[in-house]
Amino acid sequence: MITATNSWFPVTLSVLAIPQVGSPLAQLVADGWTFFEDVTSAAEVAFVVKTLKKTAQLPGIEQFTDGQIWSAIETHRNGGSGVEQSDLKAPEWDVLTAENPPTDYPHFMSKKVGLPSGFGTAITRVLLLERLREVNALLGFTRVESPDEEWEMRQPHGPR
């Protein structure tokens with residue numbers, strides 16, 4: 001049947017929201033750029049931050065002064081935010097393998113934990129991610145076969 005709801009399947013993409021190595025403020029400005037892109041002076045920063053606090057958006061931004069935020073906005077606007085957006089996996093790898101990974105971002109909390117016994121020769125470090133945000137995007141829909149079924153059909157063992 002053409003209009004049957006079971007013949008349409010969502011096509012999605014998911015990524016992990018992992019902060020970049022560098023300044024927490026630069027990361028917050030990059031994450032909330034839609035709020036800051038039209039700010040033209042340090043005086044406007046206070047209004048934007050007040051609105052963000054009232055709406056519980058971009059937690060952690062209130063820890064910084066208006067002058068610090070304005071400076072980070074100007075740096076980001078000039079292309080010096082330090083947050084690379086074209087490659088997703090390399091920056092994630094850099095954060096997860098960094099000697100001192102971020103530990104106190106609102107949506108990313110990590111801590112180093114001890115190695116499991118007997119694995120000291122194979123594993124050098126274990127990083128426990130206590131809080132991690134996954135972001136999902138709906139790209140569109142496909143008909144007849146779900147994307148998972150298509151992938152399974154291409155595997156050497158065939159469908160399960």
# chains A, B, ... in the order shown; residues from 1 in each chain; ligands from 1

$ residues_around --residues "Pro19 of chain A" --least-positions-apart "3" --cutoff "12 Å" --atoms "only C-alpha atoms" --output "mmCIF file with N, CA and C atoms, in the first residue's frame"
data_model
loop_
_atom_site.group_PDB
_atom_site.id
_atom_site.type_symbol
_atom_site.label_atom_id
_atom_site.label_comp_id
_atom_site.auth_asym_id
_atom_site.auth_seq_id
_atom_site.Cartn_x
_atom_site.Cartn_y
_atom_site.Cartn_z
ATOM 1 N N LEU A 16 28.632 12.560 18.784
ATOM 2 C CA LEU A 16 28.836 12.832 20.203
ATOM 3 C C LEU A 16 29.227 14.291 20.365
ATOM 4 N N GLY A 22 41.013 23.164 24.669
ATOM 5 C CA GLY A 22 41.217 24.610 24.621
ATOM 6 C C GLY A 22 40.378 25.292 25.676
ATOM 7 N N SER A 23 40.021 26.514 25.403
ATOM 8 C CA SER A 23 39.303 27.352 26.349
ATOM 9 C C SER A 23 37.843 26.927 26.497
ATOM 10 N N PRO A 24 37.374 26.751 27.734
ATOM 11 C CA PRO A 24 35.955 26.448 27.935
ATOM 12 C C PRO A 24 35.053 27.570 27.415
ATOM 13 N N LEU A 25 35.504 28.811 27.551
ATOM 14 C CA LEU A 25 34.710 29.938 27.071
ATOM 15 C C LEU A 25 34.606 29.919 25.550
ATOM 16 N N ALA A 26 35.711 29.626 24.866
ATOM 17 C CA ALA A 26 35.671 29.537 23.401
ATOM 18 C C ALA A 26 34.703 28.446 22.969
ATOM 19 N N GLN A 27 34.664 27.333 23.694
ATOM 20 C CA GLN A 27 33.738 26.252 23.368
ATOM 21 C C GLN A 27 32.296 26.697 23.580
ATOM 22 N N LEU A 28 32.023 27.396 24.685
ATOM 23 C CA LEU A 28 30.662 27.868 24.948
ATOM 24 C C LEU A 28 30.195 28.852 23.880
ATOM 25 N N VAL A 29 31.080 29.762 23.475
ATOM 26 C CA VAL A 29 30.723 30.731 22.435
ATOM 27 C C VAL A 29 30.460 30.012 21.116
ATOM 28 N N ALA A 30 31.289 29.027 20.789
ATOM 29 C CA ALA A 30 31.079 28.262 19.555
ATOM 30 C C ALA A 30 29.768 27.473 19.620
ATOM 31 N N ASP A 31 29.480 26.858 20.765
ATOM 32 C CA ASP A 31 28.247 26.087 20.924
ATOM 33 C C ASP A 31 27.002 26.978 20.832
ATOM 34 N N GLY A 82 39.502 28.271 17.703
ATOM 35 C CA GLY A 82 40.172 27.029 18.063
ATOM 36 C C GLY A 82 39.269 25.825 17.979
ATOM 37 N N VAL A 83 38.043 25.995 17.522
ATOM 38 C CA VAL A 83 37.101 24.900 17.404
ATOM 39 C C VAL A 83 36.983 24.539 15.929
ATOM 40 N N GLU A 84 37.516 23.395 15.568
ATOM 41 C CA GLU A 84 37.476 22.945 14.183
ATOM 42 C C GLU A 84 36.141 22.277 13.917
ATOM 43 N N GLN A 85 35.466 22.690 12.840
ATOM 44 C CA GLN A 85 34.137 22.172 12.589
ATOM 45 C C GLN A 85 34.062 21.254 11.380
ATOM 46 N N LEU A 88 34.961 15.783 12.306
ATOM 47 C CA LEU A 88 34.347 15.438 13.583
ATOM 48 C C LEU A 88 35.173 14.464 14.407
ATOM 49 N N PRO A 91 39.033 15.792 16.161
ATOM 50 C CA PRO A 91 38.947 16.543 17.420
ATOM 51 C C PRO A 91 38.426 15.701 18.580
ATOM 52 N N GLU A 92 37.490 14.787 18.314
ATOM 53 C CA GLU A 92 37.006 13.899 19.377
ATOM 54 C C GLU A 92 38.149 13.038 19.891
ATOM 55 N N TRP A 93 38.926 12.492 18.984
ATOM 56 C CA TRP A 93 40.062 11.650 19.359
ATOM 57 C C TRP A 93 41.058 12.455 20.186
ATOM 58 N N ASP A 94 41.328 13.693 19.779
ATOM 59 C CA ASP A 94 42.262 14.553 20.509
ATOM 60 C C ASP A 94 41.799 14.771 21.947
ATOM 61 N N VAL A 95 40.508 14.998 22.133
ATOM 62 C CA VAL A 95 39.973 15.222 23.480
ATOM 63 C C VAL A 95 40.048 13.951 24.313
ATOM 64 N N LEU A 96 39.647 12.828 23.727
ATOM 65 C CA LEU A 96 39.593 11.578 24.485
ATOM 66 C C LEU A 96 40.972 11.013 24.798
ATOM 67 N N ALA A 98 43.725 13.140 25.196
ATOM 68 C CA ALA A 98 44.521 14.215 25.797
ATOM 69 C C ALA A 98 44.989 13.804 27.193
ATOM 70 N N PRO A 101 42.057 15.634 29.892
ATOM 71 C CA PRO A 101 40.793 15.895 29.177
ATOM 72 C C PRO A 101 39.885 16.812 29.987
ATOM 73 N N PRO A 102 38.942 17.484 29.320
ATOM 74 C CA PRO A 102 37.996 18.337 30.046
ATOM 75 C C PRO A 102 37.206 17.520 31.062
ATOM 76 N N THR A 103 36.942 18.119 32.207
ATOM 77 C CA THR A 103 36.235 17.379 33.260
ATOM 78 C C THR A 103 34.969 18.069 33.733
ATOM 79 N N ASP A 104 34.736 19.320 33.341
ATOM 80 C CA ASP A 104 33.632 20.051 33.961
ATOM 81 C C ASP A 104 32.731 20.802 32.990
ATOM 82 N N TYR A 105 32.571 20.317 31.782
ATOM 83 C CA TYR A 105 31.615 20.930 30.878
ATOM 84 C C TYR A 105 30.219 20.447 31.251
ATOM 85 N N PRO A 106 29.184 21.237 30.979
ATOM 86 C CA PRO A 106 27.828 20.829 31.376
ATOM 87 C C PRO A 106 27.373 19.507 30.755
ATOM 88 N N HIS A 107 27.800 19.223 29.528
ATOM 89 C CA HIS A 107 27.332 18.014 28.860
ATOM 90 C C HIS A 107 28.445 16.998 28.644
ATOM 91 N N PHE A 108 29.576 17.198 29.303
ATOM 92 C CA PHE A 108 30.697 16.274 29.167
ATOM 93 C C PHE A 108 31.474 16.271 30.468
ATOM 94 N N MET A 109 31.451 15.157 31.158
ATOM 95 C CA MET A 109 32.204 15.024 32.396
ATOM 96 C C MET A 109 33.013 13.740 32.314
ATOM 97 N N SER A 110 34.306 13.841 32.581
ATOM 98 C CA SER A 110 35.169 12.668 32.492
ATOM 99 C C SER A 110 36.114 12.628 33.678
ATOM 100 N N ARG A 131 29.340 11.793 31.891
ATOM 101 C CA ARG A 131 28.229 12.458 31.207
ATOM 102 C C ARG A 131 28.660 12.725 29.775
ATOM 103 N N LEU A 132 27.801 12.356 28.844
ATOM 104 C CA LEU A 132 28.105 12.509 27.425
ATOM 105 C C LEU A 132 26.799 12.743 26.687
ATOM 106 N N ARG A 133 26.778 13.744 25.809
ATOM 107 C CA ARG A 133 25.562 14.054 25.058
ATOM 108 C C ARG A 133 25.691 13.540 23.629
#

$ residues_around --residues "Ala46 of chain A" --least-positions-apart "6" --cutoff "10 Å" --atoms "only C-alpha atoms" --output "list in words"
Leu52, Glu62, Thr65, Asp66, Gly67, Ile69 and Trp70 of chain A

$ write_last_selection --atoms "N, CA and C atoms" --output "PDB file, in the first residue's frame"
ATOM      1  N   LEU A  52      19.944  34.035  28.372  1.00  0.00           N
ATOM      2  CA  LEU A  52      20.363  32.628  28.393  1.00  0.00           C
ATOM      3  C   LEU A  52      20.154  32.011  29.774  1.00  0.00           C
ATOM      4  N   GLU A  62      27.407  31.956  32.414  1.00  0.00           N
ATOM      5  CA  GLU A  62      27.303  32.990  33.445  1.00  0.00           C
ATOM      6  C   GLU A  62      28.540  33.067  34.338  1.00  0.00           C
ATOM      7  N   THR A  65      32.825  36.943  32.743  1.00  0.00           N
ATOM      8  CA  THR A  65      32.424  38.345  32.713  1.00  0.00           C
ATOM      9  C   THR A  65      32.002  38.731  31.305  1.00  0.00           C
ATOM     10  N   ASP A  66      31.265  39.844  31.209  1.00  0.00           N
ATOM     11  CA  ASP A  66      30.829  40.328  29.901  1.00  0.00           C
ATOM     12  C   ASP A  66      32.026  40.641  29.006  1.00  0.00           C
ATOM     13  N   GLY A  67      33.085  41.189  29.586  1.00  0.00           N
ATOM     14  CA  GLY A  67      34.290  41.507  28.823  1.00  0.00           C
ATOM     15  C   GLY A  67      34.970  40.262  28.273  1.00  0.00           C
ATOM     16  N   ILE A  69      33.496  37.386  27.639  1.00  0.00           N
ATOM     17  CA  ILE A  69      32.625  36.824  26.610  1.00  0.00           C
ATOM     18  C   ILE A  69      32.741  37.634  25.322  1.00  0.00           C
ATOM     19  N   TRP A  70      32.763  38.960  25.435  1.00  0.00           N
ATOM     20  CA  TRP A  70      32.901  39.811  24.256  1.00  0.00           C
ATOM     21  C   TRP A  70      34.216  39.519  23.530  1.00  0.00           C
TER      22      TRP A  70
END

$ atom_distance --atom1 "atom CA of Leu128 of chain A" --atom2 "atom CA of Ala90 of chain A"
19.3 Å

$ residues_around --residues "segment 48-50 of chain A" --least-positions-apart "6" --cutoff "12 Å" --atoms "only C-alpha atoms" --output "list in words"
Leu28, Val29, Gly32, Trp33, Thr34, Phe35, Phe36, Glu37, Asp38, Val39, Thr40, Ser41, Ala42, Ala56, Gln57, Leu58, Pro59, Gly60, Ile61, Glu62, Gln63, Phe64, Thr65, Asp66, Gly67, Ile69 and Trp70 of chain A

$ residues_around --residues "Thr142 of chain A" --least-positions-apart "6" --cutoff "10 Å" --atoms "only C-alpha atoms" --output "list in words"
Ser7, Trp8, Phe9, Pro10 and Val11 of chain A
